[in-house]
Every structure is written in C-alpha cells, then in structure tokens.
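Dumped input-v2.tsv below, it's TSV, C-alpha atoms and all ligand atoms:
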```
chain	number	residue	atom	x	y	z
Z	140	MET	CA	150.28	239.68	123.48
Z	141	LYS	CA	153.84	238.58	122.91
Z	142	PHE	CA	154.74	236.67	119.73
Z	143	PHE	CA	157.12	233.72	120.01
Z	144	ILE	CA	158.11	231.62	117.01
Z	145	ASP	CA	157.91	227.85	117.48
Z	146	THR	CA	160.84	226.49	115.50
Z	147	ALA	CA	164.53	225.62	115.60
Z	148	ASN	CA	165.01	226.81	112.01
Z	149	LEU	CA	167.44	229.74	112.06
Z	150	ALA	CA	166.24	231.19	108.73
Z	151	ASP	CA	162.62	231.27	109.94
Z	152	ILE	CA	163.69	232.83	113.23
Z	153	GLN	CA	165.70	235.48	111.37
Z	154	GLU	CA	162.77	236.23	109.03
Z	155	ALA	CA	160.37	236.67	111.96
Z	156	ALA	CA	162.93	238.80	113.82
Z	157	ASP	CA	163.42	240.99	110.74
Z	158	LEU	CA	159.68	241.67	110.71
Z	159	GLY	CA	160.23	243.45	114.02
Z	160	VAL	CA	157.42	241.79	115.95
Z	161	LEU	CA	159.19	238.79	117.46
Z	162	ASP	CA	159.49	238.58	121.24
Z	163	GLY	CA	160.97	235.12	121.76
Z	164	VAL	CA	161.42	231.54	120.55
Z	165	THR	CA	160.17	228.13	121.65
Z	166	THR	CA	161.76	224.87	120.60
Z	167	ASN	CA	161.20	221.24	121.46
Z	168	PRO	CA	163.12	218.01	120.78
Z	169	SER	CA	161.02	217.27	117.69
Z	170	LEU	CA	161.73	220.70	116.21
Z	171	MET	CA	165.47	220.28	116.89
Z	172	ALA	CA	165.41	216.83	115.24
Z	173	LYS	CA	163.56	218.29	112.23
Z	174	GLU	CA	166.54	220.61	111.67
Z	175	GLY	CA	168.96	217.67	112.02
Z	176	ILE	CA	170.44	219.08	115.24
Z	177	ALA	CA	171.82	216.05	117.11
Z	178	GLY	CA	174.40	215.40	119.81
Z	179	GLN	CA	174.63	217.30	123.07
Z	180	ASP	CA	177.33	219.76	121.95
Z	181	ARG	CA	175.48	220.69	118.76
Z	182	ILE	CA	172.18	221.03	120.56
Z	183	LEU	CA	173.65	223.39	123.17
Z	184	LYS	CA	175.43	225.42	120.47
Z	185	HIS	CA	172.17	225.71	118.53
Z	186	TYR	CA	170.44	227.21	121.57
Z	187	VAL	CA	173.23	229.77	121.84
Z	188	ASP	CA	172.90	230.53	118.10
Z	189	ILE	CA	169.18	231.19	118.63
Z	190	CYS	CA	169.93	233.41	121.64
Z	191	ASN	CA	172.29	235.41	119.43
Z	192	LEU	CA	169.50	235.99	116.87
Z	193	VAL	CA	166.69	237.03	119.23
Z	194	ASP	CA	166.99	239.11	122.38
Z	195	GLY	CA	164.09	237.55	124.28
Z	196	PRO	CA	163.03	234.41	126.11
Z	197	ILE	CA	164.27	231.22	124.36
Z	198	SER	CA	162.72	227.97	125.59
Z	199	ALA	CA	165.12	225.00	125.67
Z	200	GLU	CA	163.56	221.68	126.63
Z	201	VAL	CA	165.01	219.05	128.95
Z	202	ILE	CA	164.79	215.45	127.82
Z	203	SER	CA	165.12	213.88	131.29
Z	204	THR	CA	162.04	212.68	133.14
Z	205	ASP	CA	163.42	212.14	136.65
Z	206	TYR	CA	163.91	214.93	139.19
Z	207	GLU	CA	167.72	214.76	139.58
Z	208	ASN	CA	168.41	214.71	135.87
Z	209	ILE	CA	165.83	217.41	135.06
Z	210	ILE	CA	167.67	219.61	137.59
Z	211	ARG	CA	171.09	218.73	136.18
Z	212	GLU	CA	169.99	219.33	132.59
Z	213	GLY	CA	168.00	222.45	133.39
Z	214	GLU	CA	170.85	224.10	135.27
Z	215	ALA	CA	173.21	223.41	132.35
Z	216	LEU	CA	170.69	224.91	129.89
Z	217	ALA	CA	170.12	227.97	132.09
Z	218	ALA	CA	173.88	228.53	132.31
Z	219	LEU	CA	174.12	228.80	128.49
Z	220	HIS	CA	172.60	232.28	128.25
Z	221	ALA	CA	170.59	234.69	130.42
Z	222	ASN	CA	167.62	234.43	128.03
Z	223	ILE	CA	167.22	230.66	128.28
Z	224	ILE	CA	163.91	229.43	129.74
Z	225	VAL	CA	164.08	225.82	130.92
Z	226	LYS	CA	161.20	223.91	129.36
Z	227	VAL	CA	160.01	221.11	131.62
Z	228	PRO	CA	157.31	218.51	130.88
Z	229	MET	CA	154.10	218.39	132.92
Z	230	ILE	CA	154.91	215.30	134.97
Z	231	LYS	CA	155.27	214.79	138.72
Z	232	ASP	CA	159.06	215.16	138.73
Z	233	GLY	CA	158.70	218.09	136.34
Z	234	ILE	CA	156.49	219.97	138.81
Z	235	LYS	CA	158.97	219.28	141.62
Z	236	ALA	CA	161.79	220.52	139.40
Z	237	ILE	CA	159.86	223.68	138.45
Z	238	LYS	CA	159.46	224.44	142.17
Z	239	TYR	CA	163.22	223.96	142.62
Z	240	PHE	CA	164.08	226.15	139.62
Z	241	THR	CA	161.68	228.86	140.84
Z	242	GLN	CA	163.42	228.97	144.22
Z	243	LYS	CA	166.78	229.22	142.42
Z	244	GLY	CA	165.59	232.08	140.21
Z	245	ILE	CA	165.71	229.96	137.03
Z	246	ARG	CA	162.80	230.70	134.68
Z	247	THR	CA	160.70	227.79	133.41
Z	248	ASN	CA	158.12	226.87	130.80
Z	249	CYS	CA	155.86	223.99	131.80
Z	250	THR	CA	155.11	222.18	128.55
Z	251	LEU	CA	152.67	219.51	127.33
Z	252	VAL	CA	149.75	221.02	129.25
Z	253	PHE	CA	146.31	219.80	128.18
Z	254	SER	CA	144.05	220.53	131.17
Z	255	ALA	CA	143.17	223.30	133.62
Z	256	GLY	CA	144.29	221.13	136.53
Z	257	GLN	CA	147.75	220.79	135.02
Z	258	ALA	CA	147.91	224.56	134.48
Z	259	LEU	CA	146.92	225.15	138.11
Z	260	LEU	CA	149.73	222.89	139.33
Z	261	ALA	CA	152.26	224.63	137.07
Z	262	ALA	CA	151.25	228.03	138.46
Z	263	LYS	CA	151.41	226.83	142.06
Z	264	ALA	CA	154.92	225.49	141.41
Z	265	GLY	CA	155.87	228.96	140.17
Z	266	ALA	CA	156.35	228.29	136.45
Z	267	THR	CA	157.19	231.44	134.50
Z	268	TYR	CA	155.17	230.18	131.52
Z	269	VAL	CA	152.58	227.47	131.07
Z	270	SER	CA	152.18	225.99	127.59
Z	271	PRO	CA	148.70	224.64	126.80
Z	272	PHE	CA	148.79	222.95	123.36
Z	273	VAL	CA	145.82	224.39	121.48
Z	274	GLY	CA	146.34	222.67	118.10
Z	275	ARG	CA	146.89	219.21	119.53
Z	276	LEU	CA	143.61	219.47	121.46
Z	277	ASP	CA	141.82	220.59	118.29
Z	278	ASP	CA	143.40	217.56	116.56
Z	279	ILE	CA	141.45	215.25	118.88
Z	280	SER	CA	138.16	217.14	118.48
Z	281	THR	CA	138.53	219.05	121.76
Z	282	ASP	CA	138.29	222.84	121.90
Z	283	GLY	CA	141.85	223.99	122.53
Z	284	MET	CA	140.88	227.63	122.79
Z	285	ALA	CA	138.34	226.83	125.54
Z	286	LEU	CA	141.28	225.63	127.64
Z	287	ILE	CA	143.09	228.96	127.16
Z	288	ALA	CA	139.96	230.78	128.38
Z	289	GLN	CA	139.59	228.44	131.37
Z	290	ILE	CA	143.21	228.94	132.43
Z	291	ARG	CA	142.87	232.73	131.98
Z	292	THR	CA	139.88	232.73	134.37
Z	293	ILE	CA	141.67	230.60	136.96
Z	294	TYR	CA	144.87	232.64	136.88
Z	295	ASN	CA	142.91	235.90	137.10
Z	296	ASN	CA	140.90	234.59	140.06
Z	297	TYR	CA	144.05	234.19	142.15
Z	298	GLY	CA	146.48	236.63	140.57
Z	299	PHE	CA	148.91	233.91	139.46
Z	300	GLN	CA	151.91	235.51	137.75
Z	301	THR	CA	152.52	232.49	135.47
Z	302	GLN	CA	152.17	233.64	131.88
Z	303	ILE	CA	149.84	231.74	129.56
Z	304	LEU	CA	151.91	230.78	126.53
Z	305	ALA	CA	149.39	229.42	124.03
Z	306	ALA	CA	151.35	226.74	122.18
Z	307	SER	CA	150.70	224.46	119.23
Z	308	VAL	CA	149.17	227.45	117.46
Z	309	ARG	CA	148.70	226.47	113.82
Z	310	HIS	CA	146.98	229.32	111.93
Z	311	PRO	CA	146.08	233.02	112.12
Z	312	MET	CA	142.64	232.46	113.66
Z	313	HIS	CA	144.30	230.74	116.61
Z	314	ILE	CA	146.41	233.88	117.09
Z	315	ILE	CA	143.39	236.19	116.96
Z	316	GLN	CA	141.42	234.02	119.39
Z	317	CYS	CA	144.38	233.92	121.80
Z	318	ALA	CA	144.50	237.73	121.71
Z	319	GLU	CA	140.74	237.99	122.32
Z	320	ILE	CA	140.94	235.70	125.34
Z	321	GLY	CA	144.00	237.43	126.74
Z	322	ALA	CA	146.77	234.86	126.44
Z	323	ASP	CA	150.04	236.50	127.48
Z	324	VAL	CA	152.03	234.90	124.68
Z	325	MET	CA	151.35	232.79	121.62
Z	326	THR	CA	153.90	230.58	119.90
Z	327	GLY	CA	153.43	229.37	116.36
Z	328	PRO	CA	155.21	228.74	113.08
Z	329	LEU	CA	156.37	231.52	110.76
Z	330	SER	CA	153.50	230.68	108.37
Z	331	ALA	CA	150.87	231.54	111.01
Z	332	ILE	CA	152.56	234.85	111.83
Z	333	LEU	CA	152.95	235.85	108.16
Z	334	ALA	CA	149.34	234.84	107.42
Z	335	LEU	CA	148.22	237.74	109.64
Z	336	LEU	CA	149.46	240.07	106.90
Z	337	ASN	CA	147.02	238.82	104.29
Z	338	HIS	CA	143.76	240.34	103.13
Z	339	PRO	CA	142.49	240.37	99.52
Z	340	LEU	CA	141.17	243.93	99.91
Z	341	THR	CA	144.66	245.06	100.91
Z	342	ASP	CA	146.06	243.45	97.74
Z	343	SER	CA	143.40	244.86	95.39
Z	344	GLY	CA	143.44	248.24	97.14
Z	345	LEU	CA	147.22	248.55	96.80
Z	346	ALA	CA	147.13	247.47	93.14
Z	347	LYS	CA	144.53	250.19	92.43
Z	348	PHE	CA	146.51	252.90	94.29
Z	349	LEU	CA	149.66	252.01	92.33
Z	350	SER	CA	147.90	251.88	88.94
Z	351	ASP	CA	146.11	255.20	89.59
Z	352	TYR	CA	149.47	256.76	90.53
Z	353	LYS	CA	151.06	255.44	87.33
Z	354	LYS	CA	148.21	256.83	85.17
Z	355	VAL	CA	149.14	260.41	86.03
Z	356	ASN	CA	152.87	259.91	86.71
Z	357	ALA	CA	153.89	258.01	83.60
M	401	LIG	C1	155.25	224.17	122.34
M	401	LIG	O1	156.10	224.91	122.80
M	401	LIG	C2	155.52	223.22	121.27
M	401	LIG	O2	156.83	223.41	120.81
M	401	LIG	C3	154.65	223.38	120.06
M	401	LIG	O3	153.89	224.55	120.11
M	401	LIG	C4	153.94	222.18	119.62
M	401	LIG	O4	153.26	222.46	118.43
M	401	LIG	P1	152.69	221.33	117.47
M	401	LIG	O5	151.52	220.70	118.15
M	401	LIG	O6	152.29	222.04	116.23
M	401	LIG	O7	153.80	220.34	117.25
```

Written as structure tokens, how would this file's structure read?
Amino acid sequence: MKFFIDTANLADIQEAADLGVLDGVTTNPSLMAKEGIAGQDRILKHYVDICNLVDGPISAEVISTDYENIIREGEALAALHANIIVKVPMIKDGIKAIKYFTQKGIRTNCTLVFSAGQALLAAKAGATYVSPFVGRLDDISTDGMALIAQIRTIYNNYGFQTQILAASVRHPMHIIQCAEIGADVMTGPLSAILALLNHPLTDSGLAKFLSDYKKVNA
C-alpha cells in the first residue's frame, strides 16, 4: 500500500519524506488555506514546491465546478509538473472532465467520494485514483472502512485499474484496516503515519537493552 501525506505543510511533507516511506502527497483547498496559501500565483508555486520535495504523485485540486473551467484549470495544473494529479470533485461535470482528462493522458483523482455508486462512475470515467473519505463517513456514524471494502470488491470484479486512495484517514487503525482490505493508497496526516511507530513494549524493551548494555560497558 502506498503512503501519501494529506497536507500542504512543507515541514510535515519533508518530515514524512525523510522517514523514507512517503510515496506522494494530497492537498485540497482547505489544506492550502490552512497554510495561508492564497492567490493563484502563490497556489501554483506551492504545488511546484511540493513537487520539488517529493518525487511521486501530487494531487492538486481544481476549484471550478463547470466542465469548461475544470478543463481549463486542470490542464494548467497538469502543465506545472509531470507528477501533478488533477483532483476533480465527484459531480456531473467532474465525471465528464475526468473522461476528457483520461483521453488526453492527464492523470486524475476523483475526490469527495462517499458511495460505491460514485466510485463506480469514477472508474468508468477512467480516474487514476478514487478518493473515498473514510473519516468523514465515520464522523456521521457510517462505517467508512466498509465503503473501502465495497469498492475493492467492485473494482476486483471488473478489473478496473482505478486505484483506491483511502482519504480522510485520521489515525493508525484506519491505516491498518486499509492495508487489510487492500486499498492501493492511503492518505493521512503526519500524526497518523508517525503513530504507526509506537508500541509501549518497543519503548520498554529498548530501555532495558540500553540499560543492560550500560551495566557491563560503563
Ligand atoms: C482527501 O484527499 C482529502 O484531502 C482529505 O483526506 C480530507 O480529510 P479530512 O476529512 O480529514 O479533512
């Protein structure tokens, strides 16, 4: 399973990249706003900065909701860097645009997916990635991970090449469950990735090894 980090924070991206396990980055307009990245020129430059930190797929989201402008925006984003993935919302014009981008060889990430039907449409349009939002479903007392499993079954049934990018991952158990189900990619914050490191028996075991070493190597 590939690990993407879901942030526009360059320090977090660098820290995850330094760990050596980072495969890509996802962003969205809220994450860009959180970092205070505003204005078209700054936004585009920030995507290039991210591309220069991580050599992997970098999702950059369009903010248009009509076909012509999604195409215009998406083509400009794709022209920024070979690693840019155009992130398109799951709406009618978004699906039409994904079909267009697919035919043009531009890679896409269909975002804001909350149902199996939406994921089926994204795959039929040829999306490179589909992003079901696990955490946001959990937030409304719906089993987000069950959706990942449902999409996995459907895609396997027909050999769809669209990669399942489990998004809105919030904690380490989400990551483990995604791996058990067979999501192709998960994207989450740095905290969820780093939390995978932790186990109290690792901490106590290491402390004991080091103190035993010191006892005879003083
Ligand atoms: C997907 O790519 C989104 O950027 C993201 O995963 C949303 O996560 P959130 O629900 O924690 O905001």

* Quick one: distance from atom CA of Gly283 of chain Z to atom CA of Thr326 of chain Z in Å, one decimal? ->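 According to the coordinates, atom CA of Gly283 of chain Z and atom CA of Thr326 of chain Z are separated by 14.0 Å.
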
* **atom CA of Tyr297 of chain Z to atom CA of Asn167 of chain Z, straight-line distance in Å** =>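 Pair atom CA of Asn167 of chain Z / atom CA of Tyr297 of chain Z returns 29.8 Å.
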
* To do: Kindly provide, as an MDAnalysis selection string, all nucleotide and amino acid residues lying within 6 Å of ligand LIG 401 (chain M), counting all atoms listed in the file.
  => chainID Z and resid 145 165:167 274:275 306:307

* Please, what distance in Å, to one decimal, runs between atom CA of Tyr268 of chain Z and atom CA of Asp188 of chain Z? -> 22.2 Å

* **Shell of 9 Å around Pro328 of chain Z, only C-alpha atoms, local chain residues under 4 positions omitted, as a list of chain:residue names** =>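 Residues near the query, excluding close chain neighbours: Z:Phe143, Z:Ile144, Z:Asp145, Z:Thr146, Z:Asp151, Z:Ser307, Z:Val308, Z:Arg309, Z:His310, Z:Ile332, Z:Leu333.
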
Produce a file of the selected residues containing C-alpha atoms, as a PDB file, in the frame of the given file.
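Okay, this is what ended up in again05.pdb:
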```
ATOM      1  CA  PHE Z 143     157.120 233.720 120.010  1.00  0.00           C
ATOM      2  CA  ILE Z 144     158.110 231.620 117.010  1.00  0.00           C
ATOM      3  CA  ASP Z 145     157.910 227.850 117.480  1.00  0.00           C
ATOM      4  CA  THR Z 146     160.840 226.490 115.500  1.00  0.00           C
ATOM      5  CA  ASP Z 151     162.620 231.270 109.940  1.00  0.00           C
ATOM      6  CA  SER Z 307     150.700 224.460 119.230  1.00  0.00           C
ATOM      7  CA  VAL Z 308     149.170 227.450 117.460  1.00  0.00           C
ATOM      8  CA  ARG Z 309     148.700 226.470 113.820  1.00  0.00           C
ATOM      9  CA  HIS Z 310     146.980 229.320 111.930  1.00  0.00           C
ATOM     10  CA  ILE Z 332     152.560 234.850 111.830  1.00  0.00           C
ATOM     11  CA  LEU Z 333     152.950 235.850 108.160  1.00  0.00           C
TER      12      LEU Z 333
END
```

* Asked: Which of these, Z:Pro311, Z:Asn191, Z:Phe272, Z:Tyr352, has the shortest distance to Leu336 of chain Z once you count all atoms listed in the file?
  ->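 For Leu336 of chain Z, the nearest of the given residues is Z:Pro311.
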
* Taking into account all atoms listed in the file, which residue in the set Z:Asp282, Z:Asp342, Z:Asp194, Z:Asp180 is nearest to Ile152 of chain Z? -> Z:Asp194

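Residues surrounding segment 183-185 of chain Z within 9 Å are Ala147, Leu149, Met171, Ile176, Gly178, Gln179, Ile189, Cys190, Leu216 and Leu219 of chain Z [only C-alpha atoms; sequence separation below 4 positions excluded].
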
Residues as selected, C-alpha atoms, written as a short mmCIF file (atom, residue, chain, number, x, y, z; two decimals), keeping the file's coordinate frame, can you do that?
```
data_model
loop_
_atom_site.label_atom_id
_atom_site.label_comp_id
_atom_site.auth_asym_id
_atom_site.auth_seq_id
_atom_site.Cartn_x
_atom_site.Cartn_y
_atom_site.Cartn_z
CA ALA Z 147 164.53 225.62 115.60
CA LEU Z 149 167.44 229.74 112.06
CA MET Z 171 165.47 220.28 116.89
CA ILE Z 176 170.44 219.08 115.24
CA GLY Z 178 174.40 215.40 119.81
CA GLN Z 179 174.63 217.30 123.07
CA ILE Z 189 169.18 231.19 118.63
CA CYS Z 190 169.93 233.41 121.64
CA LEU Z 216 170.69 224.91 129.89
CA LEU Z 219 174.12 228.80 128.49
#
```

For Asp162 of chain Z, work out the shell of residues within 7 Å, counting all atoms listed in the file and skipping chain neighbours fewer than 5 positions away, then give it as a PDB file with C-alpha atoms, in the coordinates of the input.
```pdb
ATOM      1  CA  LYS Z 141     153.840 238.580 122.910  1.00  0.00           C
ATOM      2  CA  PHE Z 142     154.740 236.670 119.730  1.00  0.00           C
ATOM      3  CA  PHE Z 143     157.120 233.720 120.010  1.00  0.00           C
ATOM      4  CA  GLY Z 195     164.090 237.550 124.280  1.00  0.00           C
TER       5      GLY Z 195
END
```

* **Nearest residue to Leu286 of chain Z from the set Z:Ile315, Z:Ala266, Z:Glu174, Z:Phe253 (distances using only C-alpha atoms)** =>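 Closest to Leu286 of chain Z, using only C-alpha atoms: Z:Phe253.
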
* Asked: Contacts of Ile209 of chain Z at 7 Å or less, counting only C-alpha atoms, minus same-chain residues fewer than 6 places along, as number ranges by chain?
  -> Z: 201, 203, 236

* **12 Å contact set for Lys235 of chain Z, only C-alpha atoms, chain neighbours under 5 positions out, as a ChimeraX atom specification** => /Z:204-210,227-230,240-242,247,249,260-261,263-266

What would the file look like if the residues just selected were written as a PDB file, keeping the file's coordinate frame with C-alpha atoms?
```pdb
ATOM      1  CA  THR Z 204     162.040 212.680 133.140  1.00  0.00           C
ATOM      2  CA  ASP Z 205     163.420 212.140 136.650  1.00  0.00           C
ATOM      3  CA  TYR Z 206     163.910 214.930 139.190  1.00  0.00           C
ATOM      4  CA  GLU Z 207     167.720 214.760 139.580  1.00  0.00           C
ATOM      5  CA  ASN Z 208     168.410 214.710 135.870  1.00  0.00           C
ATOM      6  CA  ILE Z 209     165.830 217.410 135.060  1.00  0.00           C
ATOM      7  CA  ILE Z 210     167.670 219.610 137.590  1.00  0.00           C
ATOM      8  CA  VAL Z 227     160.010 221.110 131.620  1.00  0.00           C
ATOM      9  CA  PRO Z 228     157.310 218.510 130.880  1.00  0.00           C
ATOM     10  CA  MET Z 229     154.100 218.390 132.920  1.00  0.00           C
ATOM     11  CA  ILE Z 230     154.910 215.300 134.970  1.00  0.00           C
ATOM     12  CA  PHE Z 240     164.080 226.150 139.620  1.00  0.00           C
ATOM     13  CA  THR Z 241     161.680 228.860 140.840  1.00  0.00           C
ATOM     14  CA  GLN Z 242     163.420 228.970 144.220  1.00  0.00           C
ATOM     15  CA  THR Z 247     160.700 227.790 133.410  1.00  0.00           C
ATOM     16  CA  CYS Z 249     155.860 223.990 131.800  1.00  0.00           C
ATOM     17  CA  LEU Z 260     149.730 222.890 139.330  1.00  0.00           C
ATOM     18  CA  ALA Z 261     152.260 224.630 137.070  1.00  0.00           C
ATOM     19  CA  LYS Z 263     151.410 226.830 142.060  1.00  0.00           C
ATOM     20  CA  ALA Z 264     154.920 225.490 141.410  1.00  0.00           C
ATOM     21  CA  GLY Z 265     155.870 228.960 140.170  1.00  0.00           C
ATOM     22  CA  ALA Z 266     156.350 228.290 136.450  1.00  0.00           C
TER      23      ALA Z 266
END
```

* Give the answer as one residue: which of Z:Gln316, Z:Ser350, Z:Gln302, Z:Ser343 has the shortest atom-to-atom distance to Met284 of chain Z, using only C-alpha atoms? =>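 For Met284 of chain Z, the nearest of the candidates is Z:Gln316.
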
Hey, could you patch up segment 240-273 of chain Z with N, CA and C atoms and hand it over as a compact mmCIF listing (two decimals), keeping the file's coordinate frame?
```txt
# COMPACT_ATOMS: atom_id res chain seq x y z
N PHE Z 240 163.54 225.10 140.49
CA PHE Z 240 164.08 226.15 139.62
C PHE Z 240 163.56 227.52 140.05
N THR Z 241 162.28 227.59 140.41
CA THR Z 241 161.68 228.86 140.84
C THR Z 241 162.43 229.41 142.04
N GLN Z 242 162.70 228.52 143.01
CA GLN Z 242 163.42 228.97 144.22
C GLN Z 242 164.83 229.42 143.90
N LYS Z 243 165.41 228.85 142.81
CA LYS Z 243 166.78 229.22 142.42
C LYS Z 243 166.81 230.42 141.47
N GLY Z 244 165.64 230.93 141.12
CA GLY Z 244 165.59 232.08 140.21
C GLY Z 244 165.78 231.71 138.74
N ILE Z 245 165.61 230.41 138.42
CA ILE Z 245 165.71 229.96 137.03
C ILE Z 245 164.30 229.93 136.43
N ARG Z 246 164.14 230.60 135.28
CA ARG Z 246 162.80 230.70 134.68
C ARG Z 246 162.43 229.42 133.93
N THR Z 247 161.15 229.07 133.98
CA THR Z 247 160.70 227.79 133.41
C THR Z 247 159.47 227.97 132.52
N ASN Z 248 159.31 226.97 131.64
CA ASN Z 248 158.12 226.87 130.80
C ASN Z 248 157.60 225.45 130.97
N CYS Z 249 156.44 225.32 131.58
CA CYS Z 249 155.86 223.99 131.80
C CYS Z 249 155.12 223.59 130.53
N THR Z 250 155.62 222.54 129.89
CA THR Z 250 155.11 222.18 128.55
C THR Z 250 154.24 220.92 128.60
N LEU Z 251 153.57 220.66 127.49
CA LEU Z 251 152.67 219.51 127.33
C LEU Z 251 151.51 219.59 128.32
N VAL Z 252 150.89 220.77 128.37
CA VAL Z 252 149.75 221.02 129.25
C VAL Z 252 148.46 220.90 128.44
N PHE Z 253 147.55 220.07 128.92
CA PHE Z 253 146.31 219.80 128.18
C PHE Z 253 145.06 219.94 129.06
N SER Z 254 145.23 220.38 130.31
CA SER Z 254 144.05 220.53 131.17
C SER Z 254 144.24 221.70 132.13
N ALA Z 255 143.12 222.19 132.66
CA ALA Z 255 143.17 223.30 133.62
C ALA Z 255 143.86 222.87 134.91
N GLY Z 256 143.65 221.63 135.31
CA GLY Z 256 144.29 221.13 136.53
C GLY Z 256 145.80 221.15 136.41
N GLN Z 257 146.30 220.75 135.25
CA GLN Z 257 147.75 220.79 135.02
C GLN Z 257 148.26 222.23 135.08
N ALA Z 258 147.49 223.14 134.49
CA ALA Z 258 147.91 224.56 134.48
C ALA Z 258 147.92 225.14 135.90
N LEU Z 259 146.97 224.69 136.72
CA LEU Z 259 146.92 225.15 138.11
C LEU Z 259 148.16 224.68 138.88
N LEU Z 260 148.53 223.42 138.67
CA LEU Z 260 149.73 222.89 139.33
C LEU Z 260 150.98 223.65 138.89
N ALA Z 261 151.08 223.91 137.59
CA ALA Z 261 152.26 224.63 137.07
C ALA Z 261 152.38 226.01 137.72
N ALA Z 262 151.23 226.69 137.86
CA ALA Z 262 151.25 228.03 138.46
C ALA Z 262 151.63 227.95 139.93
N LYS Z 263 151.10 226.96 140.64
CA LYS Z 263 151.41 226.83 142.06
C LYS Z 263 152.90 226.50 142.28
N ALA Z 264 153.49 225.79 141.30
CA ALA Z 264 154.92 225.49 141.41
C ALA Z 264 155.78 226.70 141.04
N GLY Z 265 155.14 227.73 140.48
CA GLY Z 265 155.87 228.96 140.17
C GLY Z 265 156.42 229.04 138.76
N ALA Z 266 155.87 228.23 137.84
CA ALA Z 266 156.35 228.29 136.45
C ALA Z 266 156.24 229.72 135.90
N THR Z 267 157.24 230.11 135.14
CA THR Z 267 157.19 231.44 134.50
C THR Z 267 156.14 231.43 133.39
N TYR Z 268 156.14 230.34 132.62
CA TYR Z 268 155.17 230.18 131.52
C TYR Z 268 154.50 228.82 131.67
N VAL Z 269 153.25 228.76 131.21
CA VAL Z 269 152.58 227.47 131.07
C VAL Z 269 152.18 227.35 129.60
N SER Z 270 152.45 226.17 129.03
CA SER Z 270 152.18 225.99 127.59
C SER Z 270 151.05 225.00 127.33
N PRO Z 271 149.80 225.49 127.25
CA PRO Z 271 148.70 224.64 126.80
C PRO Z 271 148.77 224.49 125.29
N PHE Z 272 148.63 223.25 124.79
CA PHE Z 272 148.79 222.95 123.36
C PHE Z 272 147.44 223.01 122.66
N VAL Z 273 147.13 224.15 122.11
CA VAL Z 273 145.82 224.39 121.48
C VAL Z 273 145.58 223.45 120.28
```
